[in-house]
$ cat start_38.cif   # mmCIF, C-alpha atoms
data_target
#
loop_
_atom_site.label_atom_id
_atom_site.label_comp_id
_atom_site.auth_asym_id
_atom_site.auth_seq_id
_atom_site.Cartn_x
_atom_site.Cartn_y
_atom_site.Cartn_z
CA MET W 1 -18.78 -32.76 8.63
CA ARG W 2 -19.70 -36.11 10.13
CA SER W 3 -23.42 -35.47 10.07
CA GLU W 4 -23.44 -34.65 6.34
CA VAL W 5 -20.83 -36.94 4.82
CA THR W 6 -20.80 -40.71 4.47
CA ILE W 7 -18.21 -42.77 2.63
CA LEU W 8 -19.56 -43.84 -0.75
CA PRO W 9 -18.90 -47.48 -1.70
CA GLU W 10 -18.30 -48.16 -5.38
CA THR W 11 -21.49 -50.27 -5.41
CA ALA W 12 -23.74 -47.61 -3.88
CA THR W 13 -26.66 -46.10 -5.77
CA PRO W 14 -25.16 -43.51 -8.17
CA LEU W 15 -25.18 -39.96 -6.89
CA ARG W 16 -25.15 -36.71 -8.84
CA LYS W 17 -21.75 -36.06 -10.36
CA THR W 18 -19.87 -32.93 -11.32
CA ALA W 19 -18.12 -32.74 -14.69
CA LEU W 20 -14.85 -33.43 -12.85
CA ASN W 21 -16.01 -36.64 -11.19
CA ALA W 22 -13.99 -38.88 -13.52
CA VAL W 23 -10.90 -36.73 -12.94
CA HIS W 24 -11.24 -37.08 -9.16
CA ARG W 25 -11.71 -40.84 -9.35
CA ALA W 26 -8.80 -41.24 -11.76
CA ALA W 27 -6.65 -39.33 -9.27
CA LYS W 28 -7.78 -41.81 -6.58
CA ALA W 29 -9.45 -39.15 -4.46
CA LYS W 30 -11.52 -40.48 -1.57
CA MET W 31 -15.13 -39.92 -2.63
CA VAL W 32 -18.10 -39.29 -0.34
CA ASP W 33 -21.82 -38.63 -0.46
CA PHE W 34 -22.23 -34.92 0.19
CA GLY W 35 -25.77 -33.62 -0.07
CA GLY W 36 -26.55 -36.23 -2.73
CA TRP W 37 -23.37 -35.52 -4.71
CA ASP W 38 -20.40 -37.79 -5.35
CA MET W 39 -17.60 -35.51 -4.17
CA PRO W 40 -13.92 -35.78 -3.17
CA VAL W 41 -13.38 -35.46 0.57
CA ASP W 42 -9.64 -36.04 0.36
CA CYS W 43 -7.44 -35.64 -2.73
CA CYS W 44 -3.87 -35.71 -1.40
CA GLY W 45 -4.33 -35.69 2.38
CA LEU W 46 -6.43 -33.28 4.43
CA THR W 47 -3.54 -31.67 6.30
CA ALA W 48 -1.43 -31.24 3.16
CA GLU W 49 -4.37 -29.66 1.34
CA HIS W 50 -5.17 -27.36 4.27
CA MET W 51 -1.57 -26.17 4.57
CA ALA W 52 -1.26 -25.64 0.82
CA VAL W 53 -4.20 -23.22 0.92
CA ARG W 54 -2.87 -21.38 3.98
CA THR W 55 0.69 -21.04 2.64
CA GLY W 56 0.41 -21.30 -1.16
CA VAL W 57 -2.61 -22.23 -3.23
CA GLY W 58 -5.24 -24.94 -3.58
CA VAL W 59 -8.05 -25.59 -6.04
CA PHE W 60 -11.49 -26.99 -5.17
CA ASP W 61 -14.24 -28.40 -7.38
CA VAL W 62 -17.34 -26.67 -6.01
CA SER W 63 -19.59 -27.38 -8.98
CA HIS W 64 -22.20 -28.86 -6.64
CA MET W 65 -23.13 -25.33 -5.54
CA GLY W 66 -26.33 -23.92 -7.03
CA ASP W 67 -26.85 -20.85 -9.21
CA ILE W 68 -30.20 -19.05 -9.38
CA GLN W 69 -30.60 -16.07 -11.71
CA LEU W 70 -33.30 -13.43 -11.29
CA ARG W 71 -33.83 -11.11 -14.26
CA GLY W 72 -36.20 -8.30 -15.13
CA PRO W 73 -37.30 -4.90 -13.80
CA GLY W 74 -38.70 -6.58 -10.67
CA SER W 75 -35.52 -8.53 -9.85
CA LEU W 76 -34.25 -6.13 -7.17
CA ALA W 77 -37.63 -6.13 -5.41
CA ALA W 78 -37.55 -9.94 -5.49
CA ILE W 79 -34.04 -10.10 -4.04
CA GLN W 80 -34.99 -7.61 -1.33
CA LYS W 81 -37.97 -9.74 -0.28
CA LEU W 82 -36.00 -13.00 -0.43
CA CYS W 83 -32.77 -11.99 1.31
CA MET W 84 -31.92 -10.21 4.55
CA ASN W 85 -29.03 -8.05 3.32
CA ASP W 86 -29.66 -4.83 1.35
CA ALA W 87 -29.05 -5.57 -2.32
CA SER W 88 -29.92 -1.96 -3.25
CA LYS W 89 -26.43 -1.04 -2.03
CA LEU W 90 -24.75 -3.30 -4.61
CA GLN W 91 -23.03 -1.86 -7.65
CA VAL W 92 -22.81 -3.79 -10.91
CA GLY W 93 -19.96 -6.26 -10.45
CA GLN W 94 -20.31 -6.45 -6.68
CA ALA W 95 -21.36 -9.36 -4.44
CA GLN W 96 -22.60 -9.59 -0.85
CA TYR W 97 -23.08 -12.27 1.78
CA SER W 98 -26.74 -12.71 2.70
CA ALA W 99 -29.33 -15.31 3.68
CA MET W 100 -32.84 -16.42 2.85
CA LEU W 101 -34.94 -16.79 5.99
CA TYR W 102 -38.15 -18.46 7.05
CA PRO W 103 -40.86 -16.23 8.58
CA ASN W 104 -39.61 -17.14 12.09
CA GLY W 105 -36.14 -15.73 11.35
CA THR W 106 -34.33 -19.07 10.93
CA PHE W 107 -32.31 -20.05 7.88
CA VAL W 108 -33.49 -21.41 4.56
CA ASP W 109 -29.86 -21.02 3.44
CA ASP W 110 -26.99 -18.56 3.45
CA VAL W 111 -26.16 -17.23 0.00
CA ILE W 112 -23.97 -14.87 -1.99
CA VAL W 113 -25.86 -12.34 -4.14
CA HIS W 114 -24.09 -10.97 -7.25
CA LYS W 115 -25.34 -7.95 -9.19
CA LEU W 116 -24.77 -8.79 -12.86
CA SER W 117 -26.54 -5.68 -14.23
CA GLU W 118 -29.28 -3.26 -13.19
CA ASN W 119 -31.98 -5.90 -13.67
CA ASP W 120 -29.99 -9.11 -13.33
CA TYR W 121 -28.85 -10.89 -10.15
CA LEU W 122 -27.19 -14.24 -9.44
CA ILE W 123 -27.75 -16.04 -6.13
CA VAL W 124 -25.17 -18.73 -5.31
CA ILE W 125 -26.68 -21.32 -2.96
CA ASN W 126 -25.41 -24.37 -1.09
CA ALA W 127 -25.32 -27.87 -2.53
CA GLY W 128 -27.16 -29.78 0.19
CA THR W 129 -30.09 -27.34 0.12
CA ARG W 130 -30.24 -26.81 -3.64
CA GLU W 131 -33.64 -28.28 -4.49
CA LYS W 132 -35.21 -26.84 -1.33
CA ASP W 133 -33.78 -23.40 -2.10
CA VAL W 134 -35.05 -23.38 -5.67
CA GLN W 135 -38.55 -24.31 -4.51
CA TRP W 136 -38.42 -21.65 -1.80
CA VAL W 137 -37.44 -18.93 -4.28
CA ARG W 138 -40.29 -19.96 -6.57
CA GLN W 139 -42.71 -19.91 -3.64
CA VAL W 140 -41.67 -16.48 -2.35
CA ILE W 141 -41.39 -14.58 -5.63
CA GLY W 142 -43.90 -16.55 -7.70
CA GLY W 143 -46.53 -13.84 -7.54
CA MET W 144 -44.20 -10.88 -7.97
CA PRO W 145 -44.32 -8.94 -11.25
CA SER W 146 -41.55 -8.34 -13.79
CA VAL W 147 -39.09 -10.95 -12.57
CA HIS W 148 -38.02 -14.18 -14.26
CA MET W 149 -36.17 -16.95 -12.44
CA ASN W 150 -33.77 -19.48 -13.95
CA ASP W 151 -31.97 -22.33 -12.21
CA PHE W 152 -28.58 -22.47 -13.98
CA SER W 153 -26.97 -24.76 -11.41
CA ASP W 154 -26.03 -27.47 -13.90
CA TYR W 155 -24.72 -25.11 -16.57
CA TYR W 156 -21.43 -24.31 -14.85
CA THR W 157 -18.39 -25.98 -13.39
CA GLN W 158 -17.31 -23.81 -10.49
CA LEU W 159 -13.65 -23.88 -9.43
CA ALA W 160 -12.38 -22.16 -6.27
CA ILE W 161 -8.71 -21.17 -6.41
CA GLN W 162 -7.74 -20.20 -2.88
CA GLY W 163 -4.64 -19.10 -1.00
CA PRO W 164 -1.98 -16.34 -0.88
CA ARG W 165 -0.67 -17.44 -4.31
CA ALA W 166 -4.14 -17.74 -5.88
CA GLN W 167 -3.84 -14.49 -7.82
CA GLU W 168 -0.45 -15.41 -9.27
CA THR W 169 -1.78 -18.83 -10.25
CA LEU W 170 -4.93 -17.65 -12.01
CA GLN W 171 -3.17 -14.66 -13.59
CA LYS W 172 -1.23 -17.09 -15.80
CA LEU W 173 -4.51 -18.19 -17.39
CA THR W 174 -6.20 -14.84 -18.01
CA PRO W 175 -5.41 -11.41 -19.54
CA VAL W 176 -7.75 -9.84 -16.95
CA ASP W 177 -5.82 -7.77 -14.38
CA LEU W 178 -6.86 -9.68 -11.27
CA SER W 179 -5.31 -7.09 -8.97
CA GLN W 180 -8.15 -4.74 -9.95
CA ILE W 181 -10.86 -7.09 -8.62
CA LYS W 182 -11.61 -6.20 -5.00
CA ASN W 183 -12.81 -8.68 -2.39
CA TYR W 184 -16.46 -9.59 -3.03
CA TRP W 185 -16.39 -8.13 -6.52
CA PHE W 186 -16.34 -9.94 -9.86
CA THR W 187 -15.81 -9.37 -13.55
CA TRP W 188 -16.05 -11.21 -16.86
CA GLY W 189 -13.10 -12.18 -19.03
CA GLN W 190 -11.13 -14.81 -20.85
CA VAL W 191 -9.78 -17.74 -18.83
CA SER W 192 -7.90 -20.66 -20.38
CA GLY W 193 -9.05 -19.57 -23.81
CA LEU W 194 -12.72 -19.45 -22.78
CA TYR W 195 -14.55 -16.17 -23.27
CA ASN W 196 -17.03 -14.48 -20.93
CA VAL W 197 -15.97 -16.43 -17.85
CA MET W 198 -17.22 -15.00 -14.55
CA ILE W 199 -14.28 -14.39 -12.19
CA ALA W 200 -15.30 -13.62 -8.59
CA ARG W 201 -12.98 -12.74 -5.72
CA THR W 202 -14.83 -14.69 -3.05
CA GLY W 203 -14.24 -17.92 -1.16
CA TYR W 204 -14.92 -20.11 1.84
CA THR W 205 -11.46 -20.69 3.28
CA GLY W 206 -10.49 -17.49 5.09
CA GLU W 207 -7.88 -16.83 2.40
CA ASP W 208 -7.73 -14.59 -0.63
CA GLY W 209 -8.94 -16.35 -3.72
CA PHE W 210 -11.12 -16.54 -6.78
CA GLU W 211 -14.03 -18.59 -8.05
CA ILE W 212 -14.42 -19.10 -11.78
CA TYR W 213 -17.53 -20.29 -13.62
CA ILE W 214 -16.80 -22.27 -16.77
CA PRO W 215 -18.96 -24.45 -19.08
CA SER W 216 -19.93 -27.70 -17.38
CA ASP W 217 -19.07 -30.13 -20.21
CA GLU W 218 -16.53 -32.72 -19.12
CA PRO W 219 -13.75 -32.02 -21.69
CA THR W 220 -13.71 -28.28 -20.94
CA SER W 221 -13.91 -28.77 -17.18
CA ALA W 222 -11.11 -31.34 -17.13
CA ARG W 223 -8.89 -29.19 -19.36
CA VAL W 224 -9.25 -26.08 -17.19
CA TRP W 225 -8.79 -28.09 -13.97
CA GLY W 226 -5.53 -29.45 -15.38
CA GLU W 227 -4.38 -26.01 -16.51
CA VAL W 228 -5.03 -24.52 -13.07
CA LEU W 229 -2.99 -27.31 -11.46
CA GLU W 230 -0.16 -26.72 -13.95
CA ALA W 231 -0.25 -22.94 -13.40
CA GLY W 232 0.04 -23.39 -9.65
CA LYS W 233 2.70 -26.06 -9.71
CA GLU W 234 5.53 -23.65 -8.86
CA PHE W 235 3.57 -22.54 -5.79
CA GLY W 236 2.94 -26.08 -4.54
CA ILE W 237 -0.72 -26.14 -5.56
CA ALA W 238 -2.90 -28.92 -4.14
CA ALA W 239 -6.11 -30.39 -5.50
CA CYS W 240 -8.38 -30.08 -2.47
CA GLY W 241 -11.48 -31.90 -1.24
CA LEU W 242 -14.35 -31.28 1.17
CA GLY W 243 -12.32 -32.30 4.22
CA SER W 244 -9.83 -29.44 3.97
CA ARG W 245 -12.59 -27.07 2.85
CA ASN W 246 -14.28 -27.84 6.16
CA THR W 247 -11.22 -27.36 8.36
CA LEU W 248 -10.27 -24.15 6.52
CA ARG W 249 -13.73 -22.62 6.94
CA LEU W 250 -13.80 -23.73 10.59
CA GLU W 251 -10.51 -21.93 11.33
CA ALA W 252 -12.10 -18.87 9.70
CA ALA W 253 -15.34 -19.46 11.72
CA MET W 254 -17.52 -19.49 8.59
CA ALA W 255 -20.99 -20.99 9.00
CA LEU W 256 -21.99 -24.32 7.46
CA TYR W 257 -25.65 -25.10 6.83
CA GLY W 258 -26.88 -27.91 9.07
CA HIS W 259 -24.28 -26.99 11.66
CA GLU W 260 -23.97 -23.30 12.63
CA ILE W 261 -27.09 -22.30 10.68
CA SER W 262 -30.30 -24.24 10.06
CA ASP W 263 -34.08 -23.99 10.15
CA THR W 264 -33.92 -24.14 13.97
CA ILE W 265 -31.31 -21.39 14.43
CA ASN W 266 -32.07 -17.69 14.04
CA VAL W 267 -29.86 -14.96 12.64
CA PHE W 268 -28.97 -13.34 15.97
CA GLU W 269 -28.08 -16.65 17.62
CA ALA W 270 -25.69 -17.34 14.73
CA GLY W 271 -23.97 -13.97 15.19
CA LEU W 272 -24.94 -12.84 11.69
CA GLY W 273 -27.18 -9.95 12.66
CA ARG W 274 -24.83 -7.46 10.98
CA TYR W 275 -25.99 -8.80 7.60
CA ALA W 276 -29.69 -8.45 8.42
CA LYS W 277 -30.66 -4.94 7.33
CA LEU W 278 -33.85 -4.40 9.27
CA ASP W 279 -34.18 -0.82 8.05
CA LYS W 280 -34.23 -1.65 4.32
CA GLY W 281 -37.93 -2.51 4.27
CA ASP W 282 -39.88 -5.74 4.52
CA PHE W 283 -38.32 -9.14 3.84
CA VAL W 284 -39.23 -12.67 4.83
CA GLY W 285 -38.21 -13.15 8.48
CA ARG W 286 -37.85 -9.45 9.33
CA ASP W 287 -40.81 -9.27 11.73
CA ALA W 288 -39.49 -12.21 13.73
CA LEU W 289 -36.04 -10.64 14.01
CA VAL W 290 -37.52 -7.34 15.18
CA LYS W 291 -39.51 -9.23 17.83
CA ILE W 292 -36.39 -11.05 19.04
CA GLN W 293 -34.64 -7.69 19.42
CA GLU W 294 -37.60 -6.19 21.26
CA GLU W 295 -37.62 -9.13 23.67
CA GLY W 296 -34.00 -8.58 24.62
CA GLY W 297 -32.13 -10.57 21.99
CA PRO W 298 -31.25 -14.25 21.63
CA LYS W 299 -30.99 -16.57 24.63
CA ARG W 300 -28.08 -18.53 23.21
CA LYS W 301 -25.00 -17.59 21.20
CA LEU W 302 -22.52 -19.21 18.85
CA VAL W 303 -19.04 -19.14 20.39
CA GLY W 304 -15.56 -20.33 19.58
CA LEU W 305 -14.03 -22.97 21.85
CA GLU W 306 -10.41 -23.98 22.24
CA MET W 307 -9.67 -27.21 24.04
CA ILE W 308 -7.38 -26.56 27.01
CA GLU W 309 -7.12 -30.21 27.95
CA ARG W 310 -6.25 -33.06 25.64
CA GLY W 311 -9.17 -34.04 23.43
CA ILE W 312 -11.00 -33.14 20.24
CA GLY W 313 -14.50 -31.72 20.45
CA ARG W 314 -16.45 -33.07 17.47
CA ASP W 315 -19.74 -32.12 15.86
CA GLY W 316 -22.66 -32.98 18.15
CA TYR W 317 -20.65 -33.40 21.36
CA PRO W 318 -22.46 -31.92 24.40
CA VAL W 319 -21.09 -28.93 26.28
CA PHE W 320 -21.42 -28.62 30.06
CA SER W 321 -20.78 -25.96 32.67
CA LEU W 322 -17.97 -26.84 35.07
CA ASP W 323 -20.56 -27.73 37.72
CA GLY W 324 -22.00 -30.44 35.45
CA GLU W 325 -25.05 -28.80 33.85
CA ARG W 326 -25.51 -29.48 30.14
CA ILE W 327 -25.64 -26.05 28.48
CA GLY W 328 -25.05 -26.59 24.78
CA GLU W 329 -23.63 -28.56 21.88
CA ILE W 330 -20.74 -28.35 19.46
CA THR W 331 -21.83 -27.61 15.89
CA SER W 332 -18.40 -28.08 14.24
CA GLY W 333 -15.14 -29.22 15.75
CA SER W 334 -11.80 -30.65 14.70
CA PRO W 335 -8.05 -30.20 14.99
CA ALA W 336 -6.96 -26.97 13.25
CA PRO W 337 -4.03 -27.97 11.02
CA PHE W 338 -2.55 -24.48 10.62
CA LEU W 339 -3.17 -23.28 14.18
CA LYS W 340 -2.17 -26.65 15.67
CA LYS W 341 -4.97 -26.48 18.23
CA ASN W 342 -8.22 -28.34 18.77
CA ILE W 343 -11.07 -25.91 18.10
CA ALA W 344 -14.83 -25.93 17.85
CA LEU W 345 -17.91 -23.79 17.36
CA ALA W 346 -20.75 -24.33 19.82
CA TYR W 347 -24.06 -22.89 20.96
CA VAL W 348 -24.17 -21.96 24.64
CA PRO W 349 -26.43 -19.69 26.76
CA VAL W 350 -25.57 -15.99 26.48
CA GLU W 351 -24.54 -15.97 30.15
CA SER W 352 -21.88 -18.61 29.36
CA SER W 353 -20.54 -16.87 26.25
CA ALA W 354 -18.02 -14.38 27.69
CA LEU W 355 -14.43 -14.74 26.51
CA ASP W 356 -12.27 -17.04 28.67
CA THR W 357 -15.32 -18.74 30.20
CA GLU W 358 -14.33 -22.34 30.92
CA VAL W 359 -16.68 -25.17 29.99
CA ALA W 360 -16.43 -28.94 29.66
CA VAL W 361 -16.96 -31.00 26.52
CA GLU W 362 -18.02 -34.61 26.94
CA ILE W 363 -15.69 -36.75 24.83
CA ARG W 364 -16.35 -40.50 24.98
CA GLY W 365 -17.73 -40.22 28.50
CA GLN W 366 -14.94 -37.99 29.82
CA MET W 367 -15.26 -34.28 30.67
CA VAL W 368 -12.55 -32.30 28.89
CA LYS W 369 -12.02 -28.61 29.60
CA ALA W 370 -12.31 -25.93 26.94
CA LYS W 371 -12.54 -22.15 27.02
CA VAL W 372 -14.43 -19.54 25.01
CA VAL W 373 -12.08 -17.69 22.64
CA PRO W 374 -12.50 -14.95 20.01
CA THR W 375 -13.55 -15.84 16.48
CA PRO W 376 -12.49 -16.16 13.79
CA PHE W 377 -9.78 -18.45 15.10
CA TYR W 378 -7.65 -17.52 12.07
CA LYS W 379 -7.32 -14.22 10.20
CA ARG W 380 -5.15 -14.05 7.11
CA PRO W 381 -2.21 -11.63 7.36
CA LYS W 382 -2.78 -8.22 5.84
CA LYS W 383 -0.64 -7.46 2.82
#

$ encode --input "start_38.cif" --output "structure tokens"
Amino acid sequence: MRSEVTILPETATPLRKTALNAVHRAAKAKMVDFGGWDMPVDCCGLTAEHMAVRTGVGVFDVSHMGDIQLRGPGSLAAIQKLCMNDASKLQVGQAQYSAMLYPNGTFVDDVIVHKLSENDYLIVINAGTREKDVQWVRQVIGGMPSVHMNDFSDYYTQLAIQGPRAQETLQKLTPVDLSQIKNYWFTWGQVSGLYNVMIARTGYTGEDGFEIYIPSDEPTSARVWGEVLEAGKEFGIAACGLGSRNTLRLEAAMALYGHEISDTINVFEAGLGRYAKLDKGDFVGRDALVKIQEEGGPKRKLVGLEMIERGIGRDGYPVFSLDGERIGEITSGSPAPFLKKNIALAYVPVESSALDTEVAVEIRGQMVKAKVVPTPFYKRPKK
């Protein structure tokens, strides 16, 4: 996270705030600048938050994420041109992981596409790329017929309730039978007395969990935040910040824009080719991906590393072969609180990507051994 987050002094130029900003500051959360937003990086201690999500439940304010709605008879055609996955396979109430690509096959952003109705789709985008994403969508679909775009990013407070006790926590606040919502599906219902709340079973932690979309006014947001914390109290719920969100997604080997994916990294390098449906028809970036395949595939690959000597591989640290040749760079790295190991994701040449390949990470001038291991590092237990 180091390349995206800087500590925000109280005297700094004001950043964009979520409706829960005052709640976080009152709770003495450590606040940071994240993609132009004033966000909590640490609410009650990164390790405590991480472990709460892995063993019980945690709640995150993710209201900085963006929400773009495409409506009209041409909305599916627009989604299909914009995104690499095949949205024609979605049923109403279903979501899918996807990405918007540049013509060269690199990432504008990774997204989640939700099918609200036959002619109505919601694209959830990342915070740090929000303005860029909105402009890109307008540019790509601007000339397409029968589709209307709305940026509803500031209309909702988005809360992520994550962990093995997430369902039990949220169930206290809604009459909706949450057990009937499958992973990457969503529904609408009453939550904390609010009607027509979108309840999605998605997340960014490697755990089961839900994301709810509620009105973004401060009184409503603060009330629901407090009610979620009260509902999860018996399960040891933790208010969680960006720090634990980062270590949780790293254990689950989930990509972060600006790290594992960017405008200089293509889909196959990132190991996300399974989401690029090249046979669905034309989309932005498809021709470049076909060419990469025809030329034998990517030359480098994203791999998981586990440190086998003492040391922590951090974002941006160089990776070397054991004979001293620089071969790559760590994109994300940290101690893994649940696994109790030092782990990292890194780009290395394909010929250095086989499991158990040993490499060296330069840490403060010292070469520290690591090995290539399977990802994700952590998989939640099956029920």

$ resolve_selection --input "start_38.cif" --expression "the PyMOL selection byres ((chain W and resi 86-91) around 9)" --output "list in words"
Leu76, Ile79, Gln80, Cys83, Met84, Asn85, Val92, Gly93, Gln94, Ala95, Gln96, Ser98, Val113, His114, Lys115, Leu116, Ser117, Glu118, Tyr275, Ala276, Lys277, Leu278 and Lys280 of chain W

$ write_last_selection --input "start_38.cif" --atoms "C-alpha atoms" --output "mmCIF file, keeping the file's coordinate frame"
data_model
loop_
_atom_site.group_PDB
_atom_site.id
_atom_site.type_symbol
_atom_site.label_atom_id
_atom_site.label_comp_id
_atom_site.auth_asym_id
_atom_site.auth_seq_id
_atom_site.Cartn_x
_atom_site.Cartn_y
_atom_site.Cartn_z
ATOM 1 C CA LEU W 76 -34.250 -6.130 -7.170
ATOM 2 C CA ILE W 79 -34.040 -10.100 -4.040
ATOM 3 C CA GLN W 80 -34.990 -7.610 -1.330
ATOM 4 C CA CYS W 83 -32.770 -11.990 1.310
ATOM 5 C CA MET W 84 -31.920 -10.210 4.550
ATOM 6 C CA ASN W 85 -29.030 -8.050 3.320
ATOM 7 C CA VAL W 92 -22.810 -3.790 -10.910
ATOM 8 C CA GLY W 93 -19.960 -6.260 -10.450
ATOM 9 C CA GLN W 94 -20.310 -6.450 -6.680
ATOM 10 C CA ALA W 95 -21.360 -9.360 -4.440
ATOM 11 C CA GLN W 96 -22.600 -9.590 -0.850
ATOM 12 C CA SER W 98 -26.740 -12.710 2.700
ATOM 13 C CA VAL W 113 -25.860 -12.340 -4.140
ATOM 14 C CA HIS W 114 -24.090 -10.970 -7.250
ATOM 15 C CA LYS W 115 -25.340 -7.950 -9.190
ATOM 16 C CA LEU W 116 -24.770 -8.790 -12.860
ATOM 17 C CA SER W 117 -26.540 -5.680 -14.230
ATOM 18 C CA GLU W 118 -29.280 -3.260 -13.190
ATOM 19 C CA TYR W 275 -25.990 -8.800 7.600
ATOM 20 C CA ALA W 276 -29.690 -8.450 8.420
ATOM 21 C CA LYS W 277 -30.660 -4.940 7.330
ATOM 22 C CA LEU W 278 -33.850 -4.400 9.270
ATOM 23 C CA LYS W 280 -34.230 -1.650 4.320
#

$ closest_atom_pairs --input "start_38.cif" --of "region 210-298 of chain W" --to "region 342-346 of chain W" --cutoff "8 Å" --atoms "only C-alpha atoms" --output "JSON lines"
{"residue": "W:Leu250", "atom": "CA", "partner": "W:Ala344", "partner_atom": "CA", "distance": 7.7}
{"residue": "W:Glu251", "atom": "CA", "partner": "W:Ile343", "partner_atom": "CA", "distance": 7.9}
{"residue": "W:Ala253", "atom": "CA", "partner": "W:Leu345", "partner_atom": "CA", "distance": 7.6}
{"residue": "W:Glu260", "atom": "CA", "partner": "W:Leu345", "partner_atom": "CA", "distance": 7.7}

$ closest_residue --input "start_38.cif" --among "W:Asp177, W:Asp120, W:Glu234, W:Glu218" --to "Val57 (chain W)" --atoms "all atoms listed in the file"
W:Glu234

$ closest_residue --input "start_38.cif" --among "W:Gly58, W:Gly128, W:Pro40, W:Gly105" --to "Ala231 (chain W)" --atoms "only C-alpha atoms"
W:Gly58

$ resolve_selection --input "start_38.cif" --expression "the PyMOL selection byres ((chain W and resi 163) around 12)" --output "ChimeraX atom specification"
/W:49-60,160-162,164-170,201-211,232,235-238,240,245,248,380-381

$ resolve_selection --input "start_38.cif" --expression "the PyMOL selection byres ((chain W and resi 28) around 12)" --output "ChimeraX atom specification"
/W:21-27,29-31,39-45,239,241

$ atom_distance --input "start_38.cif" --atom1 "CA of Leu289 (chain W)" --atom2 "CA of Leu302 (chain W)"
16.7 Å

$ atom_distance --input "start_38.cif" --atom1 "CA of Val284 (chain W)" --atom2 "CA of Val111 (chain W)"
14.7 Å

$ closest_residue --input "start_38.cif" --among "W:Met254, W:Ile141, W:Ala48, W:Leu15" --to "Phe34 (chain W)" --atoms "only C-alpha atoms"
W:Leu15

$ atom_distance --input "start_38.cif" --atom1 "CA of Ser153 (chain W)" --atom2 "CA of Arg130 (chain W)"
8.7 Å

$ residues_near_point --input "start_38.cif" --point "(-26.2, -18.5, 8.0)" --cutoff "7 Å" --atoms "all atoms listed in the file" --output "VMD selection string"
chain W and resid 99 107 109 to 110 255 257 261 267 270 272

$ write_last_selection --input "start_38.cif" --atoms "C-alpha atoms" --output "mmCIF file, in the frame of the given file"
data_model
loop_
_atom_site.group_PDB
_atom_site.id
_atom_site.type_symbol
_atom_site.label_atom_id
_atom_site.label_comp_id
_atom_site.auth_asym_id
_atom_site.auth_seq_id
_atom_site.Cartn_x
_atom_site.Cartn_y
_atom_site.Cartn_z
ATOM 1 C CA ALA W 99 -29.330 -15.310 3.680
ATOM 2 C CA PHE W 107 -32.310 -20.050 7.880
ATOM 3 C CA ASP W 109 -29.860 -21.020 3.440
ATOM 4 C CA ASP W 110 -26.990 -18.560 3.450
ATOM 5 C CA ALA W 255 -20.990 -20.990 9.000
ATOM 6 C CA TYR W 257 -25.650 -25.100 6.830
ATOM 7 C CA ILE W 261 -27.090 -22.300 10.680
ATOM 8 C CA VAL W 267 -29.860 -14.960 12.640
ATOM 9 C CA ALA W 270 -25.690 -17.340 14.730
ATOM 10 C CA LEU W 272 -24.940 -12.840 11.690
#

$ closest_residue --input "start_38.cif" --among "W:Pro376, W:Met100, W:Pro349, W:Ala77" --to "Gly143 (chain W)" --atoms "only C-alpha atoms"
W:Ala77

$ residues_around --input "start_38.cif" --residues "Gln293 (chain W)" --least-positions-apart "2" --cutoff "12 Å" --atoms "all atoms listed in the file" --output "MDAnalysis selection string"
chainID W and resid 105 266:269 273 278 286:291 295:299
